[in-house]
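For reference, coords-v2.cif (mmCIF, C-alpha atoms; chains and numbers go by the auth columns):
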data_model
#
loop_
_atom_site.group_PDB
_atom_site.id
_atom_site.type_symbol
_atom_site.label_atom_id
_atom_site.label_comp_id
_atom_site.label_asym_id
_atom_site.label_seq_id
_atom_site.Cartn_x
_atom_site.Cartn_y
_atom_site.Cartn_z
_atom_site.B_iso_or_equiv
_atom_site.auth_seq_id
_atom_site.auth_asym_id
ATOM 1 C CA SER A 1 76.564 130.783 -40.340 0.00 26 A
ATOM 2 C CA ASP A 2 80.025 131.997 -39.333 0.00 27 A
ATOM 3 C CA ASN A 3 78.927 132.549 -35.719 0.00 28 A
ATOM 4 C CA ASP A 4 77.671 128.992 -35.205 0.00 29 A
ATOM 5 C CA PRO A 5 80.699 126.660 -34.999 0.00 30 A
ATOM 6 C CA LEU A 6 78.859 123.410 -35.626 0.00 31 A
ATOM 7 C CA ASP A 7 75.984 124.725 -37.758 0.00 32 A
ATOM 8 C CA SER A 8 73.125 123.508 -35.558 0.00 33 A
ATOM 9 C CA THR A 9 70.609 124.493 -38.250 0.00 34 A
ATOM 10 C CA GLY A 10 71.125 121.110 -39.895 0.00 35 A
ATOM 11 C CA ARG A 11 72.080 122.499 -43.293 0.00 36 A
ATOM 12 C CA HIS A 12 75.469 120.767 -43.298 0.00 37 A
ATOM 13 C CA VAL A 13 76.247 117.315 -41.996 0.00 38 A
ATOM 14 C CA LEU A 14 79.628 116.765 -40.308 0.00 39 A
ATOM 15 C CA THR A 15 81.753 114.424 -42.425 0.00 40 A
ATOM 16 C CA ALA A 16 85.209 114.590 -40.828 0.00 41 A
ATOM 17 C CA LEU A 17 86.786 115.592 -37.547 0.00 42 A
ATOM 18 C CA GLY A 18 90.426 115.764 -36.520 0.00 43 A
ATOM 19 C CA PRO A 19 92.238 116.957 -33.379 0.00 44 A
ATOM 20 C CA SER A 20 95.447 118.972 -33.394 0.00 45 A
ATOM 21 C CA ALA A 21 98.575 117.342 -31.958 0.00 46 A
ATOM 22 C CA THR A 22 98.215 119.417 -28.799 0.00 47 A
ATOM 23 C CA GLY A 23 94.482 118.788 -28.464 0.00 48 A
ATOM 24 C CA SER A 24 93.758 122.507 -28.276 0.00 49 A
ATOM 25 C CA GLN A 25 91.988 122.696 -31.657 0.00 50 A
ATOM 26 C CA TRP A 26 89.697 120.610 -33.842 0.00 51 A
ATOM 27 C CA ILE A 27 89.351 120.782 -37.598 0.00 52 A
ATOM 28 C CA VAL A 28 85.840 120.009 -38.787 0.00 53 A
ATOM 29 C CA GLY A 29 84.764 119.062 -42.300 0.00 54 A
ATOM 30 C CA SER A 30 81.166 119.028 -43.449 0.00 55 A
ATOM 31 C CA THR A 31 79.048 118.798 -46.572 0.00 56 A
ATOM 32 C CA SER A 32 79.876 122.477 -46.932 0.00 57 A
ATOM 33 C CA ALA A 33 82.984 123.312 -48.974 0.00 58 A
ATOM 34 C CA GLN A 34 84.298 125.357 -46.047 0.00 59 A
ATOM 35 C CA PRO A 35 85.982 123.478 -43.196 0.00 60 A
ATOM 36 C CA LYS A 36 86.497 125.199 -39.850 0.00 61 A
ATOM 37 C CA VAL A 37 88.986 125.094 -36.998 0.00 62 A
ATOM 38 C CA LEU A 38 87.359 125.195 -33.574 0.00 63 A
ATOM 39 C CA ASP A 39 88.714 125.537 -30.065 0.00 64 A
ATOM 40 C CA ARG A 40 88.966 122.481 -27.805 0.00 65 A
ATOM 41 C CA GLU A 41 85.421 122.851 -26.483 0.00 66 A
ATOM 42 C CA GLY A 42 83.955 123.385 -29.958 0.00 67 A
ATOM 43 C CA ARG A 43 82.320 126.648 -28.927 0.00 68 A
ATOM 44 C CA THR A 44 84.466 129.150 -30.808 0.00 69 A
ATOM 45 C CA THR A 45 85.420 129.168 -34.463 0.00 70 A
ATOM 46 C CA LEU A 46 89.107 130.074 -34.710 0.00 71 A
ATOM 47 C CA PHE A 47 89.432 129.886 -38.507 0.00 72 A
ATOM 48 C CA ASN A 48 86.988 129.720 -41.383 0.00 73 A
ATOM 49 C CA PHE A 49 88.300 128.505 -44.732 0.00 74 A
ATOM 50 C CA ILE A 50 87.367 130.138 -48.018 0.00 75 A
ATOM 51 C CA LYS A 51 85.171 128.416 -50.595 0.00 76 A
ATOM 52 C CA GLY A 52 86.592 127.926 -54.081 0.00 77 A
ATOM 53 C CA ASP A 53 85.089 129.307 -57.275 0.00 78 A
ATOM 54 C CA THR A 54 82.673 126.671 -58.571 0.00 79 A
ATOM 55 C CA TYR A 55 82.824 128.098 -62.099 0.00 80 A
ATOM 56 C CA VAL A 56 86.531 127.233 -62.499 0.00 81 A
ATOM 57 C CA THR A 57 86.760 123.700 -63.909 0.00 82 A
ATOM 58 C CA ASP A 58 90.320 123.043 -62.674 0.00 83 A
ATOM 59 C CA SER A 59 90.010 122.715 -58.879 0.00 84 A
ATOM 60 C CA SER A 60 93.736 123.377 -58.405 0.00 85 A
ATOM 61 C CA LYS A 61 93.214 126.962 -59.617 0.00 86 A
ATOM 62 C CA THR A 62 90.694 127.857 -56.917 0.00 87 A
ATOM 63 C CA LYS A 63 91.404 129.224 -53.421 0.00 88 A
ATOM 64 C CA GLY A 64 89.424 126.556 -51.592 0.00 89 A
ATOM 65 C CA HIS A 65 87.254 123.484 -52.027 0.00 90 A
ATOM 66 C CA THR A 66 84.348 123.715 -54.452 0.00 91 A
ATOM 67 C CA ALA A 67 82.427 120.759 -52.996 0.00 92 A
ATOM 68 C CA GLY A 68 81.917 119.090 -49.641 0.00 93 A
ATOM 69 C CA VAL A 69 84.873 118.185 -47.431 0.00 94 A
ATOM 70 C CA THR A 70 85.416 114.462 -46.819 0.00 95 A
ATOM 71 C CA GLY A 71 88.682 114.301 -44.878 0.00 96 A
ATOM 72 C CA VAL A 72 90.593 116.552 -42.476 0.00 97 A
ATOM 73 C CA ALA A 73 93.822 116.207 -40.502 0.00 98 A
ATOM 74 C CA PHE A 74 96.277 118.383 -38.637 0.00 99 A
ATOM 75 C CA HIS A 75 100.006 117.960 -39.143 0.00 100 A
ATOM 76 C CA PRO A 76 101.215 115.761 -36.257 0.00 101 A
ATOM 77 C CA LEU A 77 104.315 117.908 -35.555 0.00 102 A
ATOM 78 C CA ALA A 78 103.680 121.386 -37.040 0.00 103 A
ATOM 79 C CA LYS A 79 100.803 122.886 -35.069 0.00 104 A
ATOM 80 C CA ASP A 80 99.859 125.443 -37.733 0.00 105 A
ATOM 81 C CA ALA A 81 99.392 123.158 -40.766 0.00 106 A
ATOM 82 C CA CYS A 82 96.463 120.987 -41.768 0.00 107 A
ATOM 83 C CA TRP A 83 95.138 119.156 -44.799 0.00 108 A
ATOM 84 C CA THR A 84 91.683 118.654 -46.248 0.00 109 A
ATOM 85 C CA THR A 85 90.223 116.522 -49.030 0.00 110 A
ATOM 86 C CA GLY A 86 86.946 116.998 -50.801 0.00 111 A
ATOM 87 C CA LEU A 87 84.422 115.819 -53.304 0.00 112 A
ATOM 88 C CA ASP A 88 86.100 118.118 -55.837 0.00 113 A
ATOM 89 C CA GLY A 89 88.994 115.617 -55.961 0.00 114 A
ATOM 90 C CA SER A 90 91.582 117.954 -54.455 0.00 115 A
ATOM 91 C CA ILE A 91 93.941 117.551 -51.507 0.00 116 A
ATOM 92 C CA ARG A 92 94.767 120.893 -49.900 0.00 117 A
ATOM 93 C CA ARG A 93 97.233 122.152 -47.298 0.00 118 A
ATOM 94 C CA TRP A 94 96.231 125.119 -45.144 0.00 119 A
ATOM 95 C CA ASP A 95 98.185 127.440 -42.860 0.00 120 A
ATOM 96 C CA VAL A 96 96.300 128.106 -39.617 0.00 121 A
ATOM 97 C CA SER A 97 99.050 130.074 -37.889 0.00 122 A
ATOM 98 C CA GLY A 98 97.110 133.325 -38.017 0.00 123 A
ATOM 99 C CA ARG A 99 99.641 134.769 -40.489 0.00 124 A
ATOM 100 C CA ALA A 100 98.194 133.051 -43.556 0.00 125 A
ATOM 101 C CA LYS A 101 96.717 134.827 -46.544 0.00 126 A
ATOM 102 C CA THR A 102 93.059 135.650 -45.954 0.00 127 A
ATOM 103 C CA GLU A 103 90.185 137.012 -48.000 0.00 128 A
ATOM 104 C CA PHE A 104 86.988 138.239 -46.367 0.00 129 A
ATOM 105 C CA LYS A 105 88.429 137.057 -43.001 0.00 130 A
ATOM 106 C CA LYS A 106 88.685 133.481 -44.303 0.00 131 A
ATOM 107 C CA VAL A 107 91.884 131.462 -44.712 0.00 132 A
ATOM 108 C CA VAL A 108 92.994 130.884 -48.323 0.00 133 A
ATOM 109 C CA CYS A 109 94.488 127.518 -49.298 0.00 134 A
ATOM 110 C CA ALA A 110 98.288 127.557 -49.025 0.00 135 A
ATOM 111 C CA GLU A 111 98.865 124.755 -51.531 0.00 136 A
ATOM 112 C CA VAL A 112 96.981 122.218 -53.616 0.00 137 A
ATOM 113 C CA VAL A 113 98.933 119.079 -52.758 0.00 138 A
ATOM 114 C CA GLY A 114 97.285 116.969 -55.418 0.00 139 A
ATOM 115 C CA LYS A 115 94.275 116.087 -57.492 0.00 140 A
ATOM 116 C CA CYS A 116 93.177 112.468 -57.610 0.00 141 A
ATOM 117 C CA LYS A 117 92.857 110.776 -60.995 0.00 142 A
ATOM 118 C CA ASP A 118 91.699 107.327 -62.033 0.00 143 A
ATOM 119 C CA GLU A 119 93.764 104.732 -63.915 0.00 144 A
ATOM 120 C CA LYS A 120 92.955 106.440 -67.239 0.00 145 A
ATOM 121 C CA GLY A 121 94.131 109.850 -66.021 0.00 146 A
ATOM 122 C CA ARG A 122 90.643 111.287 -65.636 0.00 147 A
ATOM 123 C CA ARG A 123 89.706 113.375 -62.631 0.00 148 A
ATOM 124 C CA THR A 124 88.260 111.391 -59.711 0.00 149 A
ATOM 125 C CA GLN A 125 85.366 113.206 -58.127 0.00 150 A
ATOM 126 C CA VAL A 126 85.379 111.538 -54.724 0.00 151 A
ATOM 127 C CA VAL A 127 88.297 111.608 -52.304 0.00 152 A
ATOM 128 C CA SER A 128 86.727 109.721 -49.446 0.00 153 A
ATOM 129 C CA ASN A 129 89.266 109.941 -46.614 0.00 154 A
ATOM 130 C CA LEU A 130 92.638 111.260 -45.468 0.00 155 A
ATOM 131 C CA SER A 131 95.375 109.990 -43.174 0.00 156 A
ATOM 132 C CA VAL A 132 98.740 111.508 -42.235 0.00 157 A
ATOM 133 C CA HIS A 133 101.893 109.575 -41.354 0.00 158 A
ATOM 134 C CA PRO A 134 103.030 110.190 -37.740 0.00 159 A
ATOM 135 C CA ASN A 135 106.108 112.126 -38.933 0.00 160 A
ATOM 136 C CA GLY A 136 103.932 114.330 -41.180 0.00 161 A
ATOM 137 C CA ARG A 137 105.953 113.678 -44.345 0.00 162 A
ATOM 138 C CA LYS A 138 103.367 111.506 -46.096 0.00 163 A
ATOM 139 C CA VAL A 139 99.670 111.943 -46.705 0.00 164 A
ATOM 140 C CA CYS A 140 97.507 109.042 -47.817 0.00 165 A
ATOM 141 C CA VAL A 141 94.068 109.473 -49.378 0.00 166 A
ATOM 142 C CA GLY A 142 91.371 107.040 -50.413 0.00 167 A
ATOM 143 C CA THR A 143 89.151 107.449 -53.431 0.00 168 A
ATOM 144 C CA ALA A 144 85.818 105.926 -54.337 0.00 169 A
#
Rendering of file as structure tokens:
Amino acid sequence: SDNDPLDSTGRHVLTALGPSATGSQWIVGSTSAQPKVLDREGRTTLFNFIKGDTYVTDSSKTKGHTAGVTGVAFHPLAKDACWTTGLDGSIRRWDVSGRAKTEFKKVVCAEVVGKCKDEKGRRTQVVSNLSVHPNGRKVCVGTA
């Protein structure tokens, strides 16, 4: 639920965790398509992210992930930007400044950075992890 930061009901398993550069926030990814940003203690949810429309076949046209989140990272220098990757094959950038576009009190994806494809140009379903260069200019993802 939205009131339970870490979903202690056991419905969603945590798959990724990343601290902000200042250490004041954590971004948490789970088998849910909706990552969250928590405070340093993990007791309060600061931002919920919107889930994408699962009926849209092109994941870049949705407002959020349509499948579980596999990788999360904050920008190392800009405190209000973060990225997520998911089983839908998309890499997304989010604005967590508090001024971002929201729907139903949930943050909407600011930009689809990319969609992973295999060597034949077909969509790759699994983006397994995410890493950000220390200067924040490059994002590296792994696929399975």
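With distances restricted to all atoms listed in the file, A:Cys107 is the closest residue to A:Val62 from A:Val157, A:Val81, A:Arg117, A:Cys107.
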Quick one: apply the PyMOL selection byres ((chain A and resi 74) around 9) to the file and drop the selected residues here as a tab-separated table (two decimals) with C-alpha atoms, in the frame of the given file.
chain	number	residue	atom	x	y	z
A	58	ALA	CA	82.98	123.31	-48.97
A	59	GLN	CA	84.30	125.36	-46.05
A	60	PRO	CA	85.98	123.48	-43.20
A	61	LYS	CA	86.50	125.20	-39.85
A	62	VAL	CA	88.99	125.09	-37.00
A	72	PHE	CA	89.43	129.89	-38.51
A	73	ASN	CA	86.99	129.72	-41.38
A	75	ILE	CA	87.37	130.14	-48.02
A	76	LYS	CA	85.17	128.42	-50.60
A	89	GLY	CA	89.42	126.56	-51.59
A	90	HIS	CA	87.25	123.48	-52.03
A	119	TRP	CA	96.23	125.12	-45.14
A	127	THR	CA	93.06	135.65	-45.95
A	130	LYS	CA	88.43	137.06	-43.00
A	131	LYS	CA	88.68	133.48	-44.30
A	132	VAL	CA	91.88	131.46	-44.71
A	133	VAL	CA	92.99	130.88	-48.32
A	134	CYS	CA	94.49	127.52	-49.30
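Between atom CA of A:Asp83 and atom CA of A:Val53 there is a distance of 24.5 Å.
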Next item on the list: Select all residues near (95.6, 132.0, -31.5) (cut-off 12 Å, inclusive, file coordinates), counting only C-alpha atoms, and output them as a ChimeraX atom specification.
Entry: /A:49-50,62-64,69-72,104-105,121-124
Next item on the list: Specify as a ChimeraX atom specification each residue included when the PyMOL selection byres ((chain A and resi 142-148) around 10) is applied to this file.
Entry: /A:83,113-115,139-141,149-152,168-169
Notebook entry, point to check: Using all atoms listed in the file, which residue out of A:Val166, A:Gly161, A:Thr109, A:Val137 lies closest to A:Thr87?
Noted result: A:Val137
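For the atom pair formed by atom CA of A:Leu155 and atom CA of A:Ile52, the distance is 12.8 Å, given to one decimal.
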Next item on the list: Please write as a PyMOL selection string the full residue list that the PyMOL selection byres ((chain A and resi 92) around 8) yields on this file.
Entry: chain A and resi 56-58+90-91+93-94+111-113
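Note that atom CA of A:His100 and atom CA of A:Arg162 are 9.0 Å apart.
Each of A:Ala106, A:Gly48, A:Glu128, A:Asp78 was checked against A:Arg65 using all atoms listed in the file; the smallest atom-to-atom distance is that of A:Gly48.
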Centre, edges in Å (one decimal): axis-aligned box, stretch 63-82 of chain A, 6 Å padding on all six sides, as JSON:
{"center_x": 85.9, "center_y": 126.3, "center_z": -45.2, "size_x": 19.1, "size_y": 19.7, "size_z": 49.4}
Filled-in N, CA and C atoms of stretch 139-167 of chain A, supplied as a PDB file, in the frame of the given file:
ATOM      1  N   GLY A 139      97.533 117.878 -54.303  1.00  0.00           N
ATOM      2  CA  GLY A 139      97.285 116.969 -55.418  1.00  0.00           C
ATOM      3  C   GLY A 139      95.833 116.935 -55.818  1.00  0.00           C
ATOM      4  N   LYS A 140      95.616 116.354 -56.985  1.00  0.00           N
ATOM      5  CA  LYS A 140      94.275 116.087 -57.492  1.00  0.00           C
ATOM      6  C   LYS A 140      94.241 114.614 -57.843  1.00  0.00           C
ATOM      7  N   CYS A 141      93.246 113.905 -57.375  1.00  0.00           N
ATOM      8  CA  CYS A 141      93.177 112.468 -57.610  1.00  0.00           C
ATOM      9  C   CYS A 141      92.626 112.176 -58.998  1.00  0.00           C
ATOM     10  N   LYS A 142      93.266 111.199 -59.653  1.00  0.00           N
ATOM     11  CA  LYS A 142      92.857 110.776 -60.995  1.00  0.00           C
ATOM     12  C   LYS A 142      92.708 109.269 -61.011  1.00  0.00           C
ATOM     13  N   ASP A 143      91.873 108.768 -61.913  1.00  0.00           N
ATOM     14  CA  ASP A 143      91.699 107.327 -62.033  1.00  0.00           C
ATOM     15  C   ASP A 143      92.796 106.728 -62.903  1.00  0.00           C
ATOM     16  N   GLU A 144      92.713 105.419 -63.162  1.00  0.00           N
ATOM     17  CA  GLU A 144      93.764 104.732 -63.915  1.00  0.00           C
ATOM     18  C   GLU A 144      93.906 105.223 -65.352  1.00  0.00           C
ATOM     19  N   LYS A 145      92.888 105.900 -65.879  1.00  0.00           N
ATOM     20  CA  LYS A 145      92.955 106.440 -67.239  1.00  0.00           C
ATOM     21  C   LYS A 145      93.362 107.913 -67.260  1.00  0.00           C
ATOM     22  N   GLY A 146      93.693 108.464 -66.097  1.00  0.00           N
ATOM     23  CA  GLY A 146      94.131 109.850 -66.021  1.00  0.00           C
ATOM     24  C   GLY A 146      93.011 110.861 -65.917  1.00  0.00           C
ATOM     25  N   ARG A 147      91.781 110.382 -65.770  1.00  0.00           N
ATOM     26  CA  ARG A 147      90.643 111.287 -65.636  1.00  0.00           C
ATOM     27  C   ARG A 147      90.473 111.694 -64.179  1.00  0.00           C
ATOM     28  N   ARG A 148      89.919 112.861 -63.978  1.00  0.00           N
ATOM     29  CA  ARG A 148      89.706 113.375 -62.631  1.00  0.00           C
ATOM     30  C   ARG A 148      88.753 112.470 -61.850  1.00  0.00           C
ATOM     31  N   THR A 149      89.115 112.147 -60.619  1.00  0.00           N
ATOM     32  CA  THR A 149      88.260 111.391 -59.711  1.00  0.00           C
ATOM     33  C   THR A 149      87.480 112.391 -58.878  1.00  0.00           C
ATOM     34  N   GLN A 150      86.191 112.243 -58.837  1.00  0.00           N
ATOM     35  CA  GLN A 150      85.366 113.206 -58.127  1.00  0.00           C
ATOM     36  C   GLN A 150      85.375 113.011 -56.613  1.00  0.00           C
ATOM     37  N   VAL A 151      85.551 111.787 -56.151  1.00  0.00           N
ATOM     38  CA  VAL A 151      85.379 111.538 -54.724  1.00  0.00           C
ATOM     39  C   VAL A 151      86.700 111.137 -54.079  1.00  0.00           C
ATOM     40  N   VAL A 152      87.197 111.975 -53.189  1.00  0.00           N
ATOM     41  CA  VAL A 152      88.297 111.608 -52.304  1.00  0.00           C
ATOM     42  C   VAL A 152      87.639 111.354 -50.961  1.00  0.00           C
ATOM     43  N   SER A 153      87.592 110.086 -50.558  1.00  0.00           N
ATOM     44  CA  SER A 153      86.727 109.721 -49.446  1.00  0.00           C
ATOM     45  C   SER A 153      87.348 109.874 -48.061  1.00  0.00           C
ATOM     46  N   ASN A 154      88.676 109.798 -47.942  1.00  0.00           N
ATOM     47  CA  ASN A 154      89.266 109.941 -46.614  1.00  0.00           C
ATOM     48  C   ASN A 154      90.720 110.370 -46.704  1.00  0.00           C
ATOM     49  N   LEU A 155      91.296 110.693 -45.557  1.00  0.00           N
ATOM     50  CA  LEU A 155      92.638 111.260 -45.468  1.00  0.00           C
ATOM     51  C   LEU A 155      93.321 110.753 -44.205  1.00  0.00           C
ATOM     52  N   SER A 156      94.590 110.404 -44.326  1.00  0.00           N
ATOM     53  CA  SER A 156      95.375 109.990 -43.174  1.00  0.00           C
ATOM     54  C   SER A 156      96.789 110.538 -43.325  1.00  0.00           C
ATOM     55  N   VAL A 157      97.400 110.927 -42.219  1.00  0.00           N
ATOM     56  CA  VAL A 157      98.740 111.508 -42.235  1.00  0.00           C
ATOM     57  C   VAL A 157      99.685 110.609 -41.456  1.00  0.00           C
ATOM     58  N   HIS A 158     100.860 110.374 -42.019  1.00  0.00           N
ATOM     59  CA  HIS A 158     101.893 109.575 -41.354  1.00  0.00           C
ATOM     60  C   HIS A 158     102.301 110.290 -40.063  1.00  0.00           C
ATOM     61  N   PRO A 159     102.661 109.555 -39.021  1.00  0.00           N
ATOM     62  CA  PRO A 159     103.030 110.190 -37.740  1.00  0.00           C
ATOM     63  C   PRO A 159     104.163 111.211 -37.824  1.00  0.00           C
ATOM     64  N   ASN A 160     105.054 111.113 -38.816  1.00  0.00           N
ATOM     65  CA  ASN A 160     106.108 112.126 -38.933  1.00  0.00           C
ATOM     66  C   ASN A 160     105.665 113.306 -39.809  1.00  0.00           C
ATOM     67  N   GLY A 161     104.479 113.227 -40.403  1.00  0.00           N
ATOM     68  CA  GLY A 161     103.932 114.330 -41.180  1.00  0.00           C
ATOM     69  C   GLY A 161     104.480 114.468 -42.580  1.00  0.00           C
ATOM     70  N   ARG A 162     105.335 113.558 -43.016  1.00  0.00           N
ATOM     71  CA  ARG A 162     105.953 113.678 -44.345  1.00  0.00           C
ATOM     72  C   ARG A 162     105.124 113.050 -45.453  1.00  0.00           C
ATOM     73  N   LYS A 163     104.177 112.184 -45.084  1.00  0.00           N
ATOM     74  CA  LYS A 163     103.367 111.506 -46.096  1.00  0.00           C
ATOM     75  C   LYS A 163     101.894 111.662 -45.771  1.00  0.00           C
ATOM     76  N   VAL A 164     101.118 111.854 -46.828  1.00  0.00           N
ATOM     77  CA  VAL A 164      99.670 111.943 -46.705  1.00  0.00           C
ATOM     78  C   VAL A 164      99.082 110.860 -47.590  1.00  0.00           C
ATOM     79  N   CYS A 165      98.142 110.118 -47.061  1.00  0.00           N
ATOM     80  CA  CYS A 165      97.507 109.042 -47.817  1.00  0.00           C
ATOM     81  C   CYS A 165      96.023 109.365 -47.948  1.00  0.00           C
ATOM     82  N   VAL A 166      95.481 109.222 -49.157  1.00  0.00           N
ATOM     83  CA  VAL A 166      94.068 109.473 -49.378  1.00  0.00           C
ATOM     84  C   VAL A 166      93.428 108.247 -50.011  1.00  0.00           C
ATOM     85  N   GLY A 167      92.145 108.106 -49.788  1.00  0.00           N
ATOM     86  CA  GLY A 167      91.371 107.040 -50.413  1.00  0.00           C
ATOM     87  C   GLY A 167      90.350 107.638 -51.347  1.00  0.00           C
TER      88      GLY A 167
END
